[in-house]
Amino acid sequence: MSGYTLVIGNKNYSSWSLRPWLVMKHLGLEFDEVVIALFQGDFKDKIFAHSPAGKVPILKAGGVDVWDSLAICEFLADQYPDARLWPENQAEKALARSISYEMHSGFFTIRNEMPMNIRRKIDGFKISADCQGEIDRVKEIWTECLSKKTQEGPFLFGQFSIADAMYAPIVWRFNSYGVQLDGVLADYSHAMRSMDIMQDWVAAAKDEEWVIDIAEV
Ligand SMILES: N[C@@H](CCC(=O)N[C@@H](CS)C(=O)NCC(=O)O)C(=O)O
């Protein structure tokens, strides 16, 4: 299938947009990108012009529209089975799906208190007890995956998978707000941040001039 368009929000802030964008770049797909500056002017009308759900990201795939980050990732996994966007091993696939859906449906405190803001690097950020609890859960997840993985590679299941895409914004949040990572967790964060496709996203985020005040905590 060709003729993809991915509608996304500001690269500096839109954590949900980053996830399917990374997966599409990882697949090496050619696609058009429509970036909508969120929370500015008639941004909502611009989003509604693409999807009745009124949120980004949205994938337009040759007559098929898919919205919601994880639905887009699942659609791509179905379209490109040979790319193994989920691990092949059934136990690892179940774990990868569980942690991806856990991210998609939870971690509200991290999302609220530590918005993704790729440009930002803050010293002495005060982390609430609730937020610390969620940070500890993320560290537990990463530690479990990295210790159980059966494939070679620096990512949660060895090779890059949808699970890494789902946790990519968390990697940036930990980096921006100074969450300390050691050993294998520090290595994982470094591997994620060093990916060429991630660096391309970061460069574009740094070039953006839009500022969303509520995300500048
Ligand atoms: N569950 C959705 C969440 C999408 C979402 O909340 N997107 C934000 C940007 S990161 C958005 O469109 N915000 C604009 C608004 O809520 O009006 C997904 O996974 O894609």
# chains A, B, ... in the order shown; residues from 1 in each chain; ligands from 1

call {"tool": "residues_around", "arguments": {"residues": "segment 28-30 of chain A", "least_positions_apart": "4", "cutoff": "9 Å", "atoms": "only C-alpha atoms", "output": "list in words"}}
result
Ser2, Gly3, Tyr4, Val23 and Met24 of chain A

call {"tool": "select_by_dssp", "arguments": {"residues": "segment 12-211 of chain A", "states": "strand (DSSP E or B)", "output": "JSON, numbers by chain"}}
result
{"A": [31, 32, 33, 34, 35, 36, 58, 59, 60, 61, 64, 65, 66, 67, 155, 157, 158, 159]}

call {"tool": "residues_near_ligand", "arguments": {"ligand": "ligand 1", "cutoff": "7 Å", "atoms": "only C-alpha atoms and all ligand atoms", "output": "MDAnalysis selection string"}}
result
chainID A and resid 9 13:17 38:39 44 54:57 67:70 104

call {"tool": "residues_around", "arguments": {"residues": "Leu156 of chain A", "least_positions_apart": "2", "cutoff": "10 Å", "atoms": "only C-alpha atoms", "output": "PyMOL selection string"}}
result
chain A and resi 87+92+96+141-149+151+153-154+158-164+167+185+188+192

call {"tool": "residues_around", "arguments": {"residues": "His190 of chain A", "least_positions_apart": "3", "cutoff": "12 Å", "atoms": "only C-alpha atoms", "output": "list in words"}}
result
Pro154, Phe155, Ala168, Val171, Trp172, Phe174, Asn175, Leu181, Asp182, Gly183, Val184, Leu185, Ala186, Asp187, Arg193, Ser194, Met195, Met198 and Gln199 of chain A

call {"tool": "residues_around", "arguments": {"residues": "Asp82 of chain A", "least_positions_apart": "6", "cutoff": "12 Å", "atoms": "only C-alpha atoms", "output": "PyMOL selection string"}}
result
chain A and resi 27+76+88

call {"tool": "write_last_selection", "arguments": {"atoms": "N, CA and C atoms", "output": "PDB file, in the first residue's frame"}}
result
ATOM      1  N   LEU A  27      10.064   1.472   9.384  1.00  0.00           N
ATOM      2  CA  LEU A  27       9.700   0.618   8.240  1.00  0.00           C
ATOM      3  C   LEU A  27      10.298   1.137   6.942  1.00  0.00           C
ATOM      4  N   LEU A  76      -0.105  -0.987  10.922  1.00  0.00           N
ATOM      5  CA  LEU A  76       1.181  -1.160  10.236  1.00  0.00           C
ATOM      6  C   LEU A  76       1.739  -2.565  10.475  1.00  0.00           C
ATOM      7  N   GLU A  88       8.423 -12.019  17.536  1.00  0.00           N
ATOM      8  CA  GLU A  88       7.877 -13.252  16.966  1.00  0.00           C
ATOM      9  C   GLU A  88       7.509 -14.264  18.061  1.00  0.00           C
TER      10      GLU A  88
END

call {"tool": "atom_distance", "arguments": {"atom1": "atom CA of Asp200 of chain A", "atom2": "atom CA of Leu22 of chain A"}}
result
10.0 Å
